[in-house]
$ cat data_38.txt   # compact mmCIF, C-alpha atoms and all ligand atoms
# COMPACT_ATOMS: atom_id res chain seq x y z
CA MET A 1 -11.68 12.49 10.12
CA LYS A 2 -9.39 10.94 12.67
CA ASN A 3 -6.57 12.94 14.12
CA ILE A 4 -3.37 12.34 12.28
CA LEU A 5 -1.14 10.08 14.14
CA GLY A 6 2.04 8.81 13.31
CA ILE A 7 4.57 8.36 10.73
CA SER A 8 6.34 5.15 11.43
CA VAL A 9 9.15 4.29 9.15
CA LEU A 10 9.34 0.67 8.19
CA ASN A 11 12.66 -0.48 6.93
CA VAL A 12 12.06 -3.89 5.54
CA VAL A 13 14.61 -3.29 2.83
CA SER A 14 16.87 -0.34 3.21
CA THR A 15 18.45 1.50 6.12
CA VAL A 16 19.54 5.13 6.37
CA PRO A 17 18.02 6.54 3.14
CA GLN A 18 14.54 5.52 4.25
CA ILE A 19 14.98 7.48 7.44
CA ILE A 20 15.88 10.58 5.44
CA ILE A 21 12.53 10.27 3.68
CA SER A 22 10.60 9.79 6.87
CA THR A 23 12.28 12.76 8.47
CA THR A 24 11.49 14.84 5.40
CA VAL A 25 7.92 13.66 5.43
CA SER A 26 7.25 14.03 9.12
CA SER A 27 8.64 17.55 9.27
CA THR A 28 6.75 18.47 6.10
CA VAL A 29 3.45 17.16 7.40
CA THR A 30 3.96 18.85 10.74
CA THR A 31 4.85 22.19 9.25
CA ALA A 32 2.50 21.98 6.26
CA ASN A 33 -0.18 23.50 8.51
CA THR A 34 -2.47 20.61 7.73
CA GLY A 35 -3.95 21.36 11.13
CA HIS A 36 -3.09 17.97 12.51
CA ASN A 37 -1.15 16.98 15.54
CA VAL A 38 1.32 14.57 14.04
CA GLU A 39 2.91 12.09 16.37
CA ASP A 40 5.94 10.46 14.85
CA ARG A 41 6.09 6.96 16.29
CA GLY A 42 9.60 6.49 14.98
CA ASP A 43 11.17 3.73 13.01
CA LEU A 44 10.47 0.06 13.20
CA ASN A 45 13.79 -1.68 13.07
CA PHE A 46 14.04 -5.22 11.83
CA ASP A 47 16.64 -7.93 12.01
CA VAL A 48 17.76 -8.35 8.46
CA PHE A 49 19.51 -11.68 8.31
CA LYS A 50 20.53 -14.28 5.76
CA ASP A 51 17.31 -16.01 5.03
CA ASP A 52 16.53 -19.46 3.69
CA PRO A 53 17.02 -19.97 -0.01
CA ARG A 54 13.80 -19.37 -1.92
CA ASN A 55 11.00 -21.30 -0.27
CA TYR A 56 8.16 -20.44 -2.65
CA VAL A 57 9.10 -16.84 -1.83
CA LEU A 58 12.34 -15.03 -0.98
CA ASN A 59 13.26 -13.97 2.56
CA PRO A 60 10.16 -15.49 4.20
CA LYS A 61 11.63 -15.39 7.71
CA ALA A 62 12.78 -11.77 7.59
CA VAL A 63 9.56 -10.53 5.98
CA GLY A 64 7.35 -12.69 8.22
CA ALA A 65 9.00 -11.30 11.36
CA ALA A 66 8.97 -7.73 10.06
CA THR A 67 5.33 -7.74 9.00
CA LYS A 68 4.31 -9.23 12.35
CA LYS A 69 5.98 -6.24 14.02
CA VAL A 70 4.29 -3.85 11.57
CA SER A 71 0.89 -5.39 12.28
CA LYS A 72 1.24 -4.86 16.05
CA ALA A 73 2.40 -1.26 15.60
CA VAL A 74 -0.41 -0.34 13.20
CA GLU A 75 -3.08 -2.10 15.28
CA GLN A 76 -2.02 -0.12 18.34
CA ALA A 77 -1.96 3.16 16.46
CA VAL A 78 -5.45 2.59 15.04
CA ARG A 79 -6.75 1.52 18.45
CA ASP A 80 -5.44 4.86 19.71
CA ASN A 81 -8.06 6.24 17.31
CA LYS A 82 -5.49 7.83 15.03
CA LEU A 83 -5.16 7.98 11.28
CA THR A 84 -2.09 5.85 10.81
CA VAL A 85 0.45 6.66 8.12
CA THR A 86 3.10 4.06 7.42
CA LEU A 87 6.06 4.90 5.23
CA GLY A 88 7.76 2.06 3.40
CA GLY A 89 9.80 0.32 2.36
CA ASP A 90 8.67 -2.46 0.29
CA HIS A 91 5.00 -3.17 -0.49
CA SER A 92 5.36 -6.42 1.45
CA ILE A 93 4.87 -4.30 4.60
CA SER A 94 1.19 -4.07 3.69
CA ILE A 95 0.77 -7.64 4.90
CA GLY A 96 1.36 -6.09 8.31
CA THR A 97 -0.35 -2.74 7.90
CA ILE A 98 -3.61 -4.19 6.56
CA HIS A 99 -3.62 -7.08 9.04
CA GLY A 100 -3.02 -4.70 11.95
CA HIS A 101 -5.60 -2.21 10.69
CA ALA A 102 -8.19 -4.96 10.23
CA ARG A 103 -7.69 -6.23 13.78
CA ALA A 104 -8.76 -2.82 15.02
CA GLU A 105 -11.22 -2.05 12.19
CA PRO A 106 -12.55 -5.35 10.78
CA ASN A 107 -14.98 -3.53 8.49
CA LEU A 108 -12.28 -1.71 6.52
CA CYS A 109 -12.25 -1.43 2.74
CA LEU A 110 -9.09 -1.22 0.65
CA LEU A 111 -7.94 1.03 -2.20
CA TRP A 112 -4.82 -0.40 -3.83
CA ILE A 113 -3.17 2.31 -5.96
CA ASP A 114 -0.42 0.60 -7.95
CA ALA A 115 0.98 -0.29 -11.35
CA HIS A 116 0.83 -3.88 -10.09
CA ALA A 117 -1.89 -5.95 -8.38
CA ASP A 118 0.51 -7.52 -5.86
CA ILE A 119 -1.85 -10.50 -5.65
CA ASN A 120 0.39 -13.30 -6.87
CA THR A 121 0.25 -16.30 -4.57
CA PRO A 122 3.50 -17.94 -3.40
CA LEU A 123 2.83 -20.51 -6.12
CA THR A 124 2.16 -18.07 -8.99
CA THR A 125 4.84 -15.43 -8.26
CA PRO A 126 7.35 -15.34 -11.11
CA SER A 127 10.00 -13.59 -9.04
CA GLY A 128 9.48 -14.95 -5.51
CA ASN A 129 9.56 -11.35 -4.27
CA ILE A 130 6.97 -10.99 -1.52
CA HIS A 131 6.17 -7.41 -2.56
CA GLY A 132 4.27 -8.94 -5.49
CA THR A 133 2.18 -11.22 -3.22
CA PRO A 134 0.92 -9.35 -0.11
CA LEU A 135 -2.77 -9.48 -0.99
CA SER A 136 -2.79 -13.25 -1.45
CA PHE A 137 -1.82 -13.62 2.24
CA LEU A 138 -4.69 -11.36 3.30
CA VAL A 139 -7.68 -12.44 1.21
CA ASN A 140 -10.07 -15.11 2.60
CA GLN A 141 -10.86 -16.49 -0.84
CA LEU A 142 -7.14 -17.19 -1.48
CA LYS A 143 -6.45 -18.76 1.91
CA ASP A 144 -6.12 -22.28 0.52
CA THR A 145 -3.59 -21.17 -2.10
CA ILE A 146 -0.98 -20.32 0.55
CA PRO A 147 1.43 -23.11 1.61
CA TRP A 148 1.12 -22.04 5.26
CA ALA A 149 2.95 -25.13 6.63
CA ALA A 150 5.99 -24.24 4.52
CA LEU A 151 5.94 -20.63 5.73
CA PRO A 152 5.96 -20.83 9.57
CA SER A 153 7.14 -17.21 9.88
CA PHE A 154 3.63 -16.21 8.81
CA ASP A 155 1.86 -18.43 11.37
CA TRP A 156 0.65 -15.28 13.20
CA LEU A 157 -1.33 -14.12 10.15
CA GLN A 158 -5.02 -14.74 9.50
CA PRO A 159 -6.61 -13.57 6.25
CA CYS A 160 -8.76 -10.53 7.00
CA LEU A 161 -10.11 -9.26 3.69
CA ASN A 162 -12.90 -10.26 1.41
CA ILE A 163 -12.05 -10.01 -2.26
CA THR A 164 -15.02 -7.65 -2.61
CA ASP A 165 -13.37 -5.24 -0.15
CA ILE A 166 -10.65 -4.34 -2.67
CA ALA A 167 -10.51 -1.84 -5.55
CA PHE A 168 -7.39 -1.45 -7.71
CA VAL A 169 -6.47 1.79 -9.49
CA GLY A 170 -3.51 2.29 -11.86
CA LEU A 171 -2.86 -1.30 -12.95
CA ARG A 172 -0.69 -1.74 -16.03
CA ASP A 173 1.60 -4.70 -15.34
CA LEU A 174 -0.09 -7.96 -14.34
CA ASP A 175 1.36 -11.45 -14.22
CA PRO A 176 -0.70 -14.34 -15.66
CA GLY A 177 -1.60 -15.66 -12.19
CA GLU A 178 -2.79 -12.23 -11.11
CA ARG A 179 -4.87 -11.76 -14.27
CA TYR A 180 -6.53 -15.14 -13.60
CA ILE A 181 -7.34 -14.17 -9.98
CA LEU A 182 -8.73 -10.75 -10.94
CA GLN A 183 -10.96 -12.34 -13.58
CA LYS A 184 -12.00 -15.39 -11.52
CA PHE A 185 -13.20 -13.23 -8.63
CA ASN A 186 -14.29 -10.28 -10.76
CA ILE A 187 -12.31 -7.93 -8.51
CA THR A 188 -12.99 -4.20 -8.92
CA SER A 189 -10.05 -2.86 -10.87
CA PHE A 190 -9.37 0.22 -12.98
CA SER A 191 -6.27 -0.08 -15.14
CA ILE A 192 -4.56 2.87 -16.72
CA HIS A 193 -6.70 2.20 -19.80
CA GLU A 194 -9.85 2.85 -17.73
CA VAL A 195 -8.25 5.94 -16.20
CA ASP A 196 -7.74 7.26 -19.75
CA ARG A 197 -11.24 6.18 -20.78
CA PHE A 198 -13.31 7.41 -17.82
CA GLY A 199 -11.06 10.01 -16.19
CA ILE A 200 -9.62 9.83 -12.68
CA HIS A 201 -12.65 11.32 -10.91
CA GLU A 202 -14.99 8.70 -12.33
CA VAL A 203 -12.48 5.93 -11.58
CA ILE A 204 -11.97 6.80 -7.92
CA ALA A 205 -15.70 7.49 -7.48
CA ARG A 206 -16.60 4.06 -8.95
CA SER A 207 -13.91 2.40 -6.82
CA LEU A 208 -15.38 3.87 -3.64
CA GLU A 209 -18.91 3.04 -4.79
CA ALA A 210 -17.84 -0.56 -5.22
CA VAL A 211 -16.09 -1.05 -1.86
CA ASN A 212 -17.85 1.51 0.30
CA PRO A 213 -21.32 2.09 -1.18
CA LYS A 214 -22.84 3.38 2.06
CA GLY A 215 -19.84 5.52 2.93
CA ASP A 216 -19.65 3.88 6.34
CA ARG A 217 -16.47 1.84 6.17
CA PRO A 218 -12.98 2.92 7.29
CA ILE A 219 -10.68 3.22 4.29
CA HIS A 220 -7.22 1.70 4.04
CA MET A 221 -5.34 3.21 1.11
CA SER A 222 -2.16 1.44 0.05
CA PHE A 223 -0.39 3.85 -2.28
CA ASP A 224 2.53 2.38 -4.23
CA ILE A 225 4.54 5.28 -5.60
CA ASP A 226 5.09 3.31 -8.82
CA SER A 227 1.41 3.88 -9.63
CA VAL A 228 2.55 7.35 -10.70
CA ASP A 229 4.45 7.65 -13.96
CA PRO A 230 8.20 7.02 -13.73
CA ALA A 231 8.80 10.56 -15.02
CA ALA A 232 7.82 11.70 -11.52
CA THR A 233 8.89 8.60 -9.59
CA GLY A 234 12.16 7.32 -10.99
CA ALA A 235 13.45 6.17 -7.58
CA THR A 236 11.40 3.02 -7.25
CA GLY A 237 12.20 -0.63 -7.74
CA THR A 238 9.71 -1.73 -10.42
CA PRO A 239 8.86 1.28 -12.60
CA VAL A 240 6.33 0.79 -15.40
CA PRO A 241 5.90 3.42 -18.15
CA GLY A 242 2.57 5.12 -18.78
CA GLY A 243 1.50 5.65 -15.18
CA LEU A 244 -0.81 8.06 -13.41
CA THR A 245 0.14 11.68 -13.85
CA PHE A 246 1.23 13.54 -10.75
CA ARG A 247 -2.11 15.40 -10.89
CA GLU A 248 -4.11 12.16 -11.07
CA GLY A 249 -2.20 10.85 -8.04
CA MET A 250 -3.01 14.09 -6.22
CA PHE A 251 -6.68 13.89 -7.22
CA ILE A 252 -6.96 10.40 -5.72
CA ALA A 253 -5.43 11.65 -2.47
CA GLU A 254 -7.71 14.72 -2.29
CA HIS A 255 -10.81 12.71 -3.13
CA VAL A 256 -10.10 10.10 -0.46
CA TYR A 257 -9.37 12.81 2.11
CA ARG A 258 -12.76 14.40 1.38
CA THR A 259 -14.56 11.17 2.33
CA GLY A 260 -13.43 11.76 5.91
CA LEU A 261 -13.06 7.98 6.15
CA LEU A 262 -9.34 7.52 5.58
CA SER A 263 -8.18 5.43 8.52
CA ALA A 264 -4.77 4.12 7.44
CA LEU A 265 -2.39 4.95 4.63
CA ASP A 266 0.66 3.10 3.34
CA LEU A 267 3.08 5.06 1.20
CA VAL A 268 5.49 2.52 -0.23
CA GLU A 269 8.16 1.63 -2.77
CA VAL A 270 10.06 4.89 -2.57
CA ASN A 271 13.59 3.57 -2.94
CA PRO A 272 16.29 6.25 -2.75
CA GLU A 273 18.93 3.67 -3.56
CA VAL A 274 17.91 3.59 -7.22
CA GLY A 275 17.68 6.30 -9.89
CA SER A 276 19.48 9.58 -10.45
CA ARG A 277 19.66 12.33 -7.89
CA GLN A 278 16.85 14.11 -9.73
CA ASP A 279 14.79 10.88 -9.67
CA LYS A 280 15.20 10.76 -5.90
CA VAL A 281 14.19 14.38 -5.47
CA ASN A 282 11.17 13.92 -7.76
CA THR A 283 10.04 10.73 -6.07
CA VAL A 284 10.28 12.04 -2.53
CA MET A 285 8.51 15.24 -3.61
CA THR A 286 5.71 13.19 -5.21
CA ALA A 287 5.40 11.06 -2.07
CA VAL A 288 5.28 14.10 0.21
CA GLU A 289 2.70 15.89 -1.94
CA VAL A 290 0.46 12.82 -2.16
CA LEU A 291 0.75 12.28 1.57
CA THR A 292 -0.08 15.87 2.51
CA ALA A 293 -3.03 15.81 0.09
CA CYS A 294 -4.29 12.66 1.86
CA LEU A 295 -4.14 14.71 5.07
CA GLY A 296 -6.07 17.68 3.73
CA LYS A 297 -3.58 19.99 2.02
CA LYS A 298 -5.30 21.58 -0.97
CA ARG A 299 -3.90 22.53 -4.38
CA GLU A 300 -5.45 25.97 -4.26
CA GLY A 301 -2.28 28.01 -4.07
N1 LIG B 401 4.48 -8.72 -10.39
C1 LIG B 401 5.91 -8.52 -10.20
C2 LIG B 401 6.22 -7.14 -9.66
C3 LIG B 401 5.74 -6.89 -8.31
C4 LIG B 401 5.86 -5.40 -7.95
C5 LIG B 401 5.63 -5.14 -6.52
B1 LIG B 401 5.19 -3.66 -6.18
O1 LIG B 401 3.93 -3.37 -6.77
O2 LIG B 401 5.04 -3.54 -4.77
O3 LIG B 401 6.13 -2.70 -6.67
C6 LIG B 401 6.58 -8.52 -11.55
C7 LIG B 401 7.11 -9.73 -12.05
N2 LIG B 401 7.48 -9.52 -13.47
C8 LIG B 401 7.57 -10.84 -14.10
C9 LIG B 401 7.93 -10.71 -15.55
C10 LIG B 401 9.25 -9.97 -15.69
C11 LIG B 401 9.18 -8.63 -15.04
C12 LIG B 401 8.74 -8.77 -13.60
C13 LIG B 401 6.39 -9.59 -9.25
O4 LIG B 401 7.59 -9.69 -9.00
O5 LIG B 401 5.53 -10.32 -8.73
MN MN B 402 9.46 -3.62 -3.57
MN MN B 403 2.96 -2.53 -4.95
MN MN B 404 3.99 -1.52 -7.88

$ encode --input "data_38.txt" --output "structure tokens"
Amino acid sequence: MKNILGISVLNVVSTVPQIIISTTVSSTVTTANTGHNVEDRGDLNFDVFKDDPRNYVLNPKAVGAATKKVSKAVEQAVRDNKLTVTLGGDHSISIGTIHGHARAEPNLCLLWIDAHADINTPLTTPSGNIHGTPLSFLVNQLKDTIPWAALPSFDWLQPCLNITDIAFVGLRDLDPGERYILQKFNITSFSIHEVDRFGIHEVIARSLEAVNPKGDRPIHMSFDIDSVDPAATGATGTPVPGGLTFREGMFIAEHVYRTGLLSALDLVEVNPEVGSRQDKVNTVMTAVEVLTACLGKKREG
């Protein structure tokens, strides 16, 4: 297990509230006697400017510039041989976190914990929101589906994942284009139906068996807080009923920690600008508990 490094806050979308979360999280992790020396690498600040009107996707310039910055920061942190925790922010930041991680650890495998697959291409996305497309920018097999010439702000990005490197857990809201891609490439995916059918232990064990059969690959876990049921995560932008229970989210985190192979973690889509005050408290608490479980904190009282 790598030392724990840093909690870098990535504000692709919001400003002050995100910092409150990161401060909460960094102090919690530091004081949660997880036995790690946590180095908070601070916030990544981005120019948020009026972007072009929708050009296949929305805000391509702002998100392209931001994710380039994220990639550099994560690559450096991983090269410093640290487990790198990145707090979002939008799931679009994972274009940067996974790209940066892969530059330092090309043999990584990916667990995508999410109500959504986030694998729309710029041509299949129904909303144009990049948070629903990050994986299409990263996967070799989808390289030719990206209109790269029309998106110059992503000219720094090279696809770095094989479709077989990915396992999805928690899916329950797919768009037609995503369903086609998952089926065409037979991507490892466990929807909420499979979680109910097999149980969370079997699901995460089969996911790891699929992407890391020899147990020798660094793990990137991209944990979208909306994978957990909205009852515990009301402060998020795209809630979908019938999600993972809090305990199932915790089990995933504990199980991945026990592999000793967790190399980078994204914790994204906590949005304190939506939901009631209680929703915000619940969502931040869920995020903090999942994070500390990923870092070794045990639910043993
Ligand atoms: N697939 C969606 C949602 C993406 C969520 C991003 B995540 O996982 O980071 O939170 C949903 C599009 N959907 C289309 C039909 C009407 C409702 C929204 C999209 O906008 O692409
Ligand atoms: Mn989002
Ligand atoms: Mn997501
Ligand atoms: Mn989601």

$ closest_residue --input "data_38.txt" --among "A:Leu244, A:Ala66, A:Ile200, A:Ile93" --to "ligand MN 402 (chain B)" --atoms "all atoms listed in the file"
A:Ile93

$ residues_around --input "data_38.txt" --residues "stretch 104-112 of chain A" --least-positions-apart "3" --cutoff "7 Å" --atoms "only C-alpha atoms" --output "VMD selection string"
chain A and resid 75 78 to 79 100 to 101 165 to 169 211 to 212 217 to 223

$ closest_residue --input "data_38.txt" --among "A:Leu182, A:Leu171, A:Leu295, A:Leu262" --to "A:Asp216" --atoms "all atoms listed in the file"
A:Leu262

$ atom_distance --input "data_38.txt" --atom1 "atom CA of A:Val281" --atom2 "atom CA of A:Ile130"
26.7 Å

$ residues_around --input "data_38.txt" --residues "A:His255" --least-positions-apart "6" --cutoff "9 Å" --atoms "only C-alpha atoms" --output "list in words"
His201, Ile204, Ala205, Ala293 and Cys294 of chain A

$ residues_near_ligand --input "data_38.txt" --ligand "ligand MN 404 (chain B)" --cutoff "8 Å" --atoms "all atoms listed in the file" --output "PyMOL selection string"
chain A and resi 91+114-118+132+224-227+238-239+269

$ closest_residue --input "data_38.txt" --among "A:Gly234, A:Gly296, A:Gly89, A:Gly243" --to "ligand MN 402 (chain B)" --atoms "only C-alpha atoms and all ligand atoms"
A:Gly89

$ atom_distance --input "data_38.txt" --atom1 "atom CA of A:Pro60" --atom2 "atom CA of A:Leu83"
28.9 Å

$ closest_residue --input "data_38.txt" --among "A:Asp279, A:Asp155, A:Asp43, A:Glu209" --to "A:Thr188" --atoms "all atoms listed in the file"
A:Glu209

$ atom_distance --input "data_38.txt" --atom1 "atom CA of A:Asp175" --atom2 "atom C9 of ligand LIG 401 (chain B)"
6.7 Å

$ build_atoms --input "data_38.txt" --residues "stretch 85-102 of chain A" --atoms "N, CA, C and O atoms" --output "PDB file, in the coordinates of the input"
ATOM      1  N   VAL A  85      -0.308   6.573   9.371  1.00  0.00           N
ATOM      2  CA  VAL A  85       0.450   6.660   8.120  1.00  0.00           C
ATOM      3  C   VAL A  85       1.717   5.819   8.270  1.00  0.00           C
ATOM      4  O   VAL A  85       2.459   5.993   9.239  1.00  0.00           O
ATOM      5  N   THR A  86       1.907   4.900   7.375  1.00  0.00           N
ATOM      6  CA  THR A  86       3.100   4.060   7.420  1.00  0.00           C
ATOM      7  C   THR A  86       3.932   4.282   6.175  1.00  0.00           C
ATOM      8  O   THR A  86       3.407   4.169   5.056  1.00  0.00           O
ATOM      9  N   LEU A  87       5.174   4.637   6.363  1.00  0.00           N
ATOM     10  CA  LEU A  87       6.060   4.900   5.230  1.00  0.00           C
ATOM     11  C   LEU A  87       6.920   3.671   4.968  1.00  0.00           C
ATOM     12  O   LEU A  87       7.666   3.240   5.865  1.00  0.00           O
ATOM     13  N   GLY A  88       6.851   3.160   3.770  1.00  0.00           N
ATOM     14  CA  GLY A  88       7.760   2.060   3.400  1.00  0.00           C
ATOM     15  C   GLY A  88       8.952   2.619   2.662  1.00  0.00           C
ATOM     16  O   GLY A  88       9.000   3.822   2.409  1.00  0.00           O
ATOM     17  N   GLY A  89       9.874   1.761   2.254  1.00  0.00           N
ATOM     18  CA  GLY A  89       9.800   0.320   2.360  1.00  0.00           C
ATOM     19  C   GLY A  89       8.947  -0.318   1.276  1.00  0.00           C
ATOM     20  O   GLY A  89       8.242   0.321   0.486  1.00  0.00           O
ATOM     21  N   ASP A  90       9.193  -1.542   1.265  1.00  0.00           N
ATOM     22  CA  ASP A  90       8.670  -2.460   0.290  1.00  0.00           C
ATOM     23  C   ASP A  90       7.154  -2.615   0.441  1.00  0.00           C
ATOM     24  O   ASP A  90       6.636  -2.474   1.556  1.00  0.00           O
ATOM     25  N   HIS A  91       6.444  -2.979  -0.630  1.00  0.00           N
ATOM     26  CA  HIS A  91       5.000  -3.170  -0.490  1.00  0.00           C
ATOM     27  C   HIS A  91       4.650  -4.418   0.306  1.00  0.00           C
ATOM     28  O   HIS A  91       3.509  -4.603   0.696  1.00  0.00           O
ATOM     29  N   SER A  92       5.643  -5.247   0.597  1.00  0.00           N
ATOM     30  CA  SER A  92       5.360  -6.420   1.450  1.00  0.00           C
ATOM     31  C   SER A  92       4.919  -5.970   2.846  1.00  0.00           C
ATOM     32  O   SER A  92       4.207  -6.697   3.548  1.00  0.00           O
ATOM     33  N   ILE A  93       5.278  -4.749   3.244  1.00  0.00           N
ATOM     34  CA  ILE A  93       4.870  -4.300   4.600  1.00  0.00           C
ATOM     35  C   ILE A  93       3.357  -4.241   4.733  1.00  0.00           C
ATOM     36  O   ILE A  93       2.809  -4.265   5.841  1.00  0.00           O
ATOM     37  N   SER A  94       2.655  -4.184   3.604  1.00  0.00           N
ATOM     38  CA  SER A  94       1.190  -4.070   3.690  1.00  0.00           C
ATOM     39  C   SER A  94       0.540  -5.345   4.204  1.00  0.00           C
ATOM     40  O   SER A  94      -0.618  -5.322   4.635  1.00  0.00           O
ATOM     41  N   ILE A  95       1.278  -6.453   4.201  1.00  0.00           N
ATOM     42  CA  ILE A  95       0.770  -7.640   4.900  1.00  0.00           C
ATOM     43  C   ILE A  95       0.521  -7.262   6.359  1.00  0.00           C
ATOM     44  O   ILE A  95      -0.518  -7.546   6.940  1.00  0.00           O
ATOM     45  N   GLY A  96       1.475  -6.501   6.906  1.00  0.00           N
ATOM     46  CA  GLY A  96       1.360  -6.090   8.310  1.00  0.00           C
ATOM     47  C   GLY A  96       0.412  -4.925   8.518  1.00  0.00           C
ATOM     48  O   GLY A  96      -0.424  -4.939   9.444  1.00  0.00           O
ATOM     49  N   THR A  97       0.491  -3.916   7.654  1.00  0.00           N
ATOM     50  CA  THR A  97      -0.350  -2.740   7.900  1.00  0.00           C
ATOM     51  C   THR A  97      -1.835  -3.067   7.775  1.00  0.00           C
ATOM     52  O   THR A  97      -2.646  -2.634   8.598  1.00  0.00           O
ATOM     53  N   ILE A  98      -2.187  -3.859   6.773  1.00  0.00           N
ATOM     54  CA  ILE A  98      -3.610  -4.190   6.560  1.00  0.00           C
ATOM     55  C   ILE A  98      -4.088  -5.171   7.637  1.00  0.00           C
ATOM     56  O   ILE A  98      -5.174  -5.009   8.206  1.00  0.00           O
ATOM     57  N   HIS A  99      -3.246  -6.135   7.977  1.00  0.00           N
ATOM     58  CA  HIS A  99      -3.620  -7.080   9.040  1.00  0.00           C
ATOM     59  C   HIS A  99      -3.836  -6.335  10.353  1.00  0.00           C
ATOM     60  O   HIS A  99      -4.839  -6.512  11.045  1.00  0.00           O
ATOM     61  N   GLY A 100      -2.902  -5.461  10.692  1.00  0.00           N
ATOM     62  CA  GLY A 100      -3.020  -4.700  11.950  1.00  0.00           C
ATOM     63  C   GLY A 100      -4.225  -3.784  11.928  1.00  0.00           C
ATOM     64  O   GLY A 100      -4.986  -3.699  12.912  1.00  0.00           O
ATOM     65  N   HIS A 101      -4.446  -3.116  10.808  1.00  0.00           N
ATOM     66  CA  HIS A 101      -5.600  -2.210  10.690  1.00  0.00           C
ATOM     67  C   HIS A 101      -6.902  -2.995  10.850  1.00  0.00           C
ATOM     68  O   HIS A 101      -7.814  -2.589  11.592  1.00  0.00           O
ATOM     69  N   ALA A 102      -6.949  -4.158  10.199  1.00  0.00           N
ATOM     70  CA  ALA A 102      -8.190  -4.960  10.230  1.00  0.00           C
ATOM     71  C   ALA A 102      -8.482  -5.523  11.620  1.00  0.00           C
ATOM     72  O   ALA A 102      -9.640  -5.719  11.998  1.00  0.00           O
TER      73      ALA A 102
END
